[in-house]
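S.K.: Here's a structure for you.
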Amino acid sequence: MLKKSIYFISILAVFMLFSSYARAEVDGEVQYILNTFLFLVSGFLVMWMAAGFAMLESGLVTSKSVATIAATPLPWSDGSALDTGYSDGSDWFFQMVFCATTCSIVSGTLAERIKIWPFFIFCALLTGFIYPIEMGWQWGGGYLAEAGFSDFAGSTLVHSAGAAAALAGAILLGPRIGRFAKAGAPAPVKPFAASSIPLVTIGVFILWLGWFGFNGGSQLAMGTADDAIAVSKIFINTNLAACGGVMACAIVTRLMYGKTDVIQMLNGAIGGLVAITAEPLMPTPIAAILIGAVGGIIVIFGTKLLFHFKVDDVVGAIPAHLFAGIWGTLAVPITNSGANFGTQLLGVISINVFVFVVAFIVWILMKNTMGIRLSKEAELKGTDVSETGVIAYAIRD
Amino acid sequence: MLKKSIYFISILAVFMLFSSYARAEVDGEVQYILNTFLFLVSGFLVMWMAAGFAMLESGLVTSKSVATIAATPLPWSDGSALDTGYSDGSDWFFQMVFCATTCSIVSGTLAERIKIWPFFIFCALLTGFIYPIEMGWQWGGGYLAEAGFSDFAGSTLVHSAGAAAALAGAILLGPRIGRFAKAGAPAPVKPFAASSIPLVTIGVFILWLGWFGFNGGSQLAMGTADDAIAVSKIFINTNLAACGGVMACAIVTRLMYGKTDVIQMLNGAIGGLVAITAEPLMPTPIAAILIGAVGGIIVIFGTKLLFHFKVDDVVGAIPAHLFAGIWGTLAVPITNSGANFGTQLLGVISINVFVFVVAFIVWILMKNTMGIRLSKEAELKGTDVSETGVIAYAIRD
Amino acid sequence: MLKKSIYFISILAVFMLFSSYARAEVDGEVQYILNTFLFLVSGFLVMWMAAGFAMLESGLVTSKSVATIAATPLPWSDGSALDTGYSDGSDWFFQMVFCATTCSIVSGTLAERIKIWPFFIFCALLTGFIYPIEMGWQWGGGYLAEAGFSDFAGSTLVHSAGAAAALAGAILLGPRIGRFAKAGAPAPVKPFAASSIPLVTIGVFILWLGWFGFNGGSQLAMGTADDAIAVSKIFINTNLAACGGVMACAIVTRLMYGKTDVIQMLNGAIGGLVAITAEPLMPTPIAAILIGAVGGIIVIFGTKLLFHFKVDDVVGAIPAHLFAGIWGTLAVPITNSGANFGTQLLGVISINVFVFVVAFIVWILMKNTMGIRLSKEAELKGTDVSETGVIAYAIRD
């Protein structure tokens, strides 16, 4: 009877041991689901950023940034031995909306004078070749990753890269007709009438919202308490950097011009968000505010710089994404002891120079073959009519 | 002492066995929470689609689609012995926002000439009787479900059904005054001035975003890795079908008209999204793009067809939701071997004919009693003034 | 051999017992993650409400509500011994966006005539001192919490408090020039031209969406099936109360004016949402609709009341947030047997009187020192030009 008992207990114990292993796997499954959930929620927030860019750019430009998403490469796989800890599809979805961000930045700079199909072709090359190459240097485990470069969610890899490609295009396209009537004129006359502050505002708010996905999702995991704490910190720092950018621009424009420039405040939010993107996890709240504030101020002076060189950047994407991205990336070592300034500088220079040069070559090739700029008549008529035809039905405004 | 040991171990083992069962229930609870969370996140995304429809329709129409949500029936229950694996409330919330979608489609077609209260009454009938009946044929386990009909998230059950009801109303209401000045005139003159592309654009983006909830939530579960993988695939295919629709419309309008029609591109996104809704899980990415592309092209030619028959569909809801929905539903067997073309055709015909006929009868009854169309004066003054009175305070634009 | 077996089994059992404890902690971790996830998703929805307020207010006002978020105090902490069951950061993020809501309400009332920097300073005082004090009486475990006051997500603590501060400012600022041309005139003339119903509409929809986060997140947990059920119920009741407000305003304005006032319907949604915020969990669906409907009707008559007293409330924030908030808070005992009318009245009076009086003193001090109102010239030119300078670049509309 004793023997039987022991025999029974042994079987019971072995059964429980197996069930315990089985249950350990279920826990792995919970982690898997939570990680995937983070990618999906973050992914739809980042996808939503396309709407933000579209509202910033508004009108025709919109269609371009929508469409470019379709040009994104398709490294599809649905294998999942639970190895990676998340659904490959959710990761790919998240990567894809990242990639599409670069095109949105380009379209914002070149709006109102670029032909739509050359823009599509450029976007296919940017998302299919240029971005994957430089991104691979870091997130693909390339030489920058090995050198210890640190760019958490892509201040340089995504934002500066997109804006460097935009800068190359802006130089080759030239400014819109009438943009720079006189040397050093602070602002053109013609565009004023058409501008809509509420659309800019909702555009910036959408980007602000989407940025929680952009930075929060870059934690890449939500399956442990540590990850949850990290994502929470990232949310807070992302928010505070945007606030820092807004308030810094409010104060600086007030002191400089005697007026609080609302557009610069909204641009300051973007500058702050780009700046914190390189390292949204490590800064203290005060540091996040200051990093964002400097990002915002850089947008003000970067805008002046582009005006000085008569580079026409319709939505101010280059100051916000390139200049503030450089600042944010170089500032990483201030709060993250694992990064060093030399490697950050290496990453900033190599990525921006690479993207700018390759983009410049692509734009020049297209300029000399199919042409990239609208005709004078088309531009003066407006791209809506000349490039995108007549609107087919009525929307009441 | 040995006996005592065994006795002790036995008790310990039994205790652990029970605790293991107890813990298995906790895991069931985690599943329950995750499933519910999916419904809630998906539900708020689909609810948000109402804003997308509202922006598409803009102005007055808005108020109609908002209000119809209130007309939704209330099959409330809060029982949950964890049987269903999710909170009944979250499921109901998800179902309700689905139901409300059908009204949004109707309001988009009939805007600017329908009386607001007959529209409310129609919505109450559509959401309270027509939709529940045909939806029950499939999701209530009715004869279509038994026949093997396949309509994952409702290309036919929701989108076509809403648009079939709208078509019946559009035929009986007639076109807006001045809409079809001459036979075959491609576009009216009057509505152009008032249209706002940015509002259309943000409307489409909101719908695009909401569709992740619409299709992703229709997986109905997030509690296993398989579900998480499925939802990820659905997100990707949903996105790619929208892109396919956009790019197809860009190419086709360019070839047909020499201009890239931005409105058709945006409509193409909706067509692609409706088309993939019948089967967003099984297609490969390439197949998803092609299904969406065909959906987008159908919108272009469907719009021409309605023009030819002088059916006035203000936002183009019938081509996008009815025609692209038929295509998507019939295309399911191409990627899902569990479906067959005959049954899909049966479902498409029986649902659309049923909804169209019943809606036609309801519209005709209302037309001959309370009247459904605004007076000539009211329509020319605009529905804002004639139907919704004077605006009470100022918003700066 | 028997002894060895027992020895082996004992070790095995102890090992399993420990692993069972270890796993119990992992489950605690899952709870922790899910709770945090709820805060983060709810938090980004509430943050997004700032965009809703901005769209409601539109134009310049926008910049104010953005910027005020930066003025929020920073009670940062990252300690987490898993004690609280969620990441402190996620909770703080959620609390911060709550706090920012009060400023959005104030800016909506005072728009178009208040100076931007006095407004910033007031927001700093409101979010840094006034709100934390009265909020602490309840959520900080103060005397109202001890007395049994019940205000689930802050009908009074957040919404009424913000609107009471706005009322104090509106009285001291006086109405916009030309707002009340004649005594009892139902509506002014000048503001009409600039108003944009689509922006109001998307603003209300954004708020409606964000309210799922506001009320749902106030459950403070998502780690058990009971919490998931509760959050689902809160979502449904929140939605139904908004619908109730919309439909009540549609019916009442139809009966009163012969026209269905779309702006009042949209305001009715806000009134319904504010009213249900005090108790979104306990009401049955029918009760939620009725609570929201009364909230909506209160907005209509509250608006008339303010007109009567010539208090100029640009976006109608006082009727929606103060009056409907009082109703919702006093109505709690109807559906929640744990609350009683006397204590609810105590809470409503003490919070609103406290906030109104302190805000009145702050506004009067600022009025007599730095001044709070724009000059006549600046106001007539519009705050965009006078306060926020020239717009720097073009947005196509």
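Following the order of the structure tokens, chains are lettered A, B, ..., residues in each are numbered from 1, and ligands are numbered from 1.
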Just the residues within 6 Å of Gly244 (chain B), please, counting only C-alpha atoms, with nothing from its chain fewer than 5 positions along; format it as an MDAnalysis selection string.
M.R.: chainID B and resid 289 292:293
S.K.: Could you save the residues just selected, with N, CA and C atoms, as an mmCIF file, in the first residue's frame?
M.R.:
```cif
data_model
loop_
_atom_site.group_PDB
_atom_site.id
_atom_site.type_symbol
_atom_site.label_atom_id
_atom_site.label_comp_id
_atom_site.auth_asym_id
_atom_site.auth_seq_id
_atom_site.Cartn_x
_atom_site.Cartn_y
_atom_site.Cartn_z
ATOM 1 N N ILE B 289 -2.773 43.286 -51.637
ATOM 2 C CA ILE B 289 -2.597 44.486 -52.466
ATOM 3 C C ILE B 289 -3.492 44.406 -53.696
ATOM 4 N N GLY B 292 -7.192 44.803 -52.874
ATOM 5 C CA GLY B 292 -7.453 46.214 -52.627
ATOM 6 C C GLY B 292 -7.412 47.035 -53.908
ATOM 7 N N ALA B 293 -6.461 46.706 -54.787
ATOM 8 C CA ALA B 293 -6.326 47.453 -56.044
ATOM 9 C C ALA B 293 -7.581 47.309 -56.890
#
```
S.K.: Measuring between only C-alpha atoms, which one of B:Ser218, B:Asn35, B:Thr127, B:Gln344 shows the shortest distance to chain C?
M.R.: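 The closest residue to chain C is B:Asn35.
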S.K.: As JSON, numbers by chain, list the residues of region 250-336 of chain A assigned to alpha helix (DSSP H) by DSSP on the backbone atoms of this structure.
M.R.: {"A": [250, 251, 252, 253, 254, 255, 256, 257, 262, 263, 264, 265, 266, 267, 268, 269, 270, 271, 272, 273, 274, 275, 276, 277, 285, 286, 287, 288, 289, 290, 291, 292, 293, 294, 295, 296, 297, 298, 299, 300, 301, 302, 303, 304, 305, 306, 307, 308, 317, 324, 325, 326, 327, 328, 329, 330, 332, 333, 334, 335]}
S.K.: Taking only C-alpha atoms into account, name the residue in B:Gly154, B:Gly136, B:Pro319, B:Gly213 that is nearest to chain A.
M.R.: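 Checking each candidate against chain A, we get B:Gly213 as the closest.
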S.K.: Excluding Leu38 (chain B) and residues on its chain fewer than 2 positions from it, collect all residues at most 9 Å away from it, counting only C-alpha atoms, and give them as a count of residues only.
M.R.: 16
S.K.: Using only C-alpha atoms, which protein or nucleic acid residues come within 10 Å of Leu290 (chain B)? Drop anything in the same chain fewer than 4 positions from it, and give the result as a PyMOL selection string.
M.R.: chain B and resi 240-241+243-245+248+272+276+283-286+294-296
S.K.: Just N, CA and C atoms for this one: save the residues we selected as a compact mmCIF listing (two decimals), in the first residue's frame.
M.R.:
```txt
# COMPACT_ATOMS: atom_id res chain seq x y z
N LEU B 240 -2.29 47.00 -46.45
CA LEU B 240 -1.84 46.82 -47.83
C LEU B 240 -2.99 46.95 -48.82
N ALA B 241 -4.17 46.47 -48.46
CA ALA B 241 -5.31 46.60 -49.36
C ALA B 241 -5.66 48.07 -49.57
N CYS B 243 -3.50 50.53 -49.38
CA CYS B 243 -2.43 51.03 -50.25
C CYS B 243 -2.67 50.61 -51.70
N GLY B 244 -3.08 49.37 -51.87
CA GLY B 244 -3.37 48.86 -53.22
C GLY B 244 -4.46 49.68 -53.90
N GLY B 245 -5.49 49.99 -53.14
CA GLY B 245 -6.58 50.81 -53.67
C GLY B 245 -6.10 52.20 -54.06
N ALA B 248 -3.67 51.91 -57.20
CA ALA B 248 -4.42 51.54 -58.41
C ALA B 248 -5.17 52.75 -58.95
N GLY B 272 -10.47 49.70 -51.31
CA GLY B 272 -9.54 48.63 -50.95
C GLY B 272 -9.84 48.07 -49.58
N ILE B 276 -11.07 44.11 -48.69
CA ILE B 276 -10.29 43.17 -47.87
C ILE B 276 -11.07 42.73 -46.63
N PRO B 283 -5.21 36.12 -47.15
CA PRO B 283 -4.40 36.53 -48.30
C PRO B 283 -2.93 36.74 -47.95
N THR B 284 -2.06 36.43 -48.91
CA THR B 284 -0.67 36.86 -48.80
C THR B 284 -0.64 38.37 -48.99
N PRO B 285 0.47 39.00 -48.65
CA PRO B 285 0.54 40.46 -48.83
C PRO B 285 0.27 40.87 -50.28
N ILE B 286 0.84 40.14 -51.23
CA ILE B 286 0.63 40.49 -52.64
C ILE B 286 -0.86 40.36 -52.98
N VAL B 294 -8.09 46.09 -57.01
CA VAL B 294 -9.31 45.87 -57.78
C VAL B 294 -10.46 46.62 -57.11
N GLY B 295 -10.51 46.58 -55.78
CA GLY B 295 -11.53 47.34 -55.05
C GLY B 295 -11.48 48.82 -55.38
N GLY B 296 -10.26 49.37 -55.45
CA GLY B 296 -10.09 50.78 -55.78
C GLY B 296 -10.55 51.10 -57.19
```
S.K.: Please provide the set of residues having any atom within 8 Å of region 145-151 of chain A, restricted to only C-alpha atoms, with same-chain residues fewer than 3 positions apart removed, written as a PyMOL selection string.
M.R.: chain A and resi 137-139+141-142+154-157+277-279+329+332+339-340+343-344+347
S.K.: Do you have the CA of Leu255 (chain B)-CA of Pro280 (chain B) distance handy?
M.R.: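 We find that CA of Leu255 (chain B) and CA of Pro280 (chain B) lie 29.2 Å from each other.
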S.K.: When distances are computed from only C-alpha atoms, which of A:Ala320, A:Ile297, A:Met96, A:Leu173 shows the smallest separation from chain B?
M.R.: A:Met96
S.K.: For the atom pair CA of Gly169 (chain B) and CA of Gly371 (chain B), what is the interatomic distance in Å to one decimal place?
M.R.: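 Taking CA of Gly169 (chain B) as the start and CA of Gly371 (chain B) as the end point, the length is 12.2 Å.
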S.K.: So that I can see what lies close to Thr335 (chain B), please list as an MDAnalysis selection string the residues with an atom at most 8 Å from it, counting only C-alpha atoms and leaving out residues fewer than 2 positions away in the same chain.
M.R.: chainID B and resid 282:283 287 331:333 337
S.K.: Mind checking which residues fall within 9 Å of region 361-366 of chain B, counting only C-alpha atoms, ignoring those fewer than 2 positions away in the same chain, and posting them as a list in words?
M.R.: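 Once the adjacent positions are removed, what remains is Pro118, Phe122, Leu125, Ala168, Gly169, Leu172, Leu173, Phe356, Val357, Val358, Ala359, Asn368, Thr369, Met370, Gly371 and Ile372 of chain B.
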S.K.: Selected residues, N, CA and C atoms, written as a compact mmCIF listing (two decimals), in the first residue's frame, please.
M.R.:
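Heads up, here's the output in part36.txt:
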```txt
# COMPACT_ATOMS: atom_id res chain seq x y z
N PRO B 118 -36.75 62.12 -40.72
CA PRO B 118 -36.96 60.86 -41.45
C PRO B 118 -35.68 60.01 -41.51
N PHE B 122 -35.30 56.23 -40.22
CA PHE B 122 -34.77 55.16 -41.06
C PHE B 122 -33.62 54.44 -40.35
N LEU B 125 -34.81 52.00 -37.85
CA LEU B 125 -35.28 50.76 -38.48
C LEU B 125 -34.12 49.94 -39.02
N ALA B 168 -31.23 52.55 -52.24
CA ALA B 168 -32.69 52.64 -52.28
C ALA B 168 -33.14 54.07 -51.98
N GLY B 169 -32.53 54.68 -50.98
CA GLY B 169 -32.88 56.04 -50.62
C GLY B 169 -32.51 57.04 -51.70
N LEU B 172 -34.99 57.02 -54.59
CA LEU B 172 -36.28 57.64 -54.25
C LEU B 172 -36.17 59.14 -53.98
N LEU B 173 -35.03 59.55 -53.44
CA LEU B 173 -34.83 60.97 -53.12
C LEU B 173 -34.59 61.79 -54.39
N PHE B 356 -31.95 46.01 -49.86
CA PHE B 356 -32.41 47.00 -50.83
C PHE B 356 -33.94 47.05 -50.87
N VAL B 357 -34.56 45.87 -50.94
CA VAL B 357 -36.02 45.82 -51.07
C VAL B 357 -36.70 46.36 -49.81
N VAL B 358 -36.27 45.91 -48.65
CA VAL B 358 -36.90 46.38 -47.41
C VAL B 358 -36.68 47.88 -47.24
N ALA B 359 -35.44 48.33 -47.52
CA ALA B 359 -35.15 49.76 -47.38
C ALA B 359 -36.00 50.57 -48.36
N ASN B 368 -44.27 58.91 -48.74
CA ASN B 368 -45.69 59.17 -48.95
C ASN B 368 -46.43 59.58 -47.68
N THR B 369 -45.74 59.61 -46.58
CA THR B 369 -46.39 60.04 -45.34
C THR B 369 -45.76 61.34 -44.84
N MET B 370 -44.61 61.25 -44.23
CA MET B 370 -44.00 62.45 -43.64
C MET B 370 -43.16 63.23 -44.65
N GLY B 371 -42.83 62.57 -45.75
CA GLY B 371 -41.93 63.22 -46.71
C GLY B 371 -40.49 63.04 -46.27
N ILE B 372 -39.59 62.87 -47.25
CA ILE B 372 -38.19 62.64 -46.89
C ILE B 372 -37.27 63.71 -47.45
```
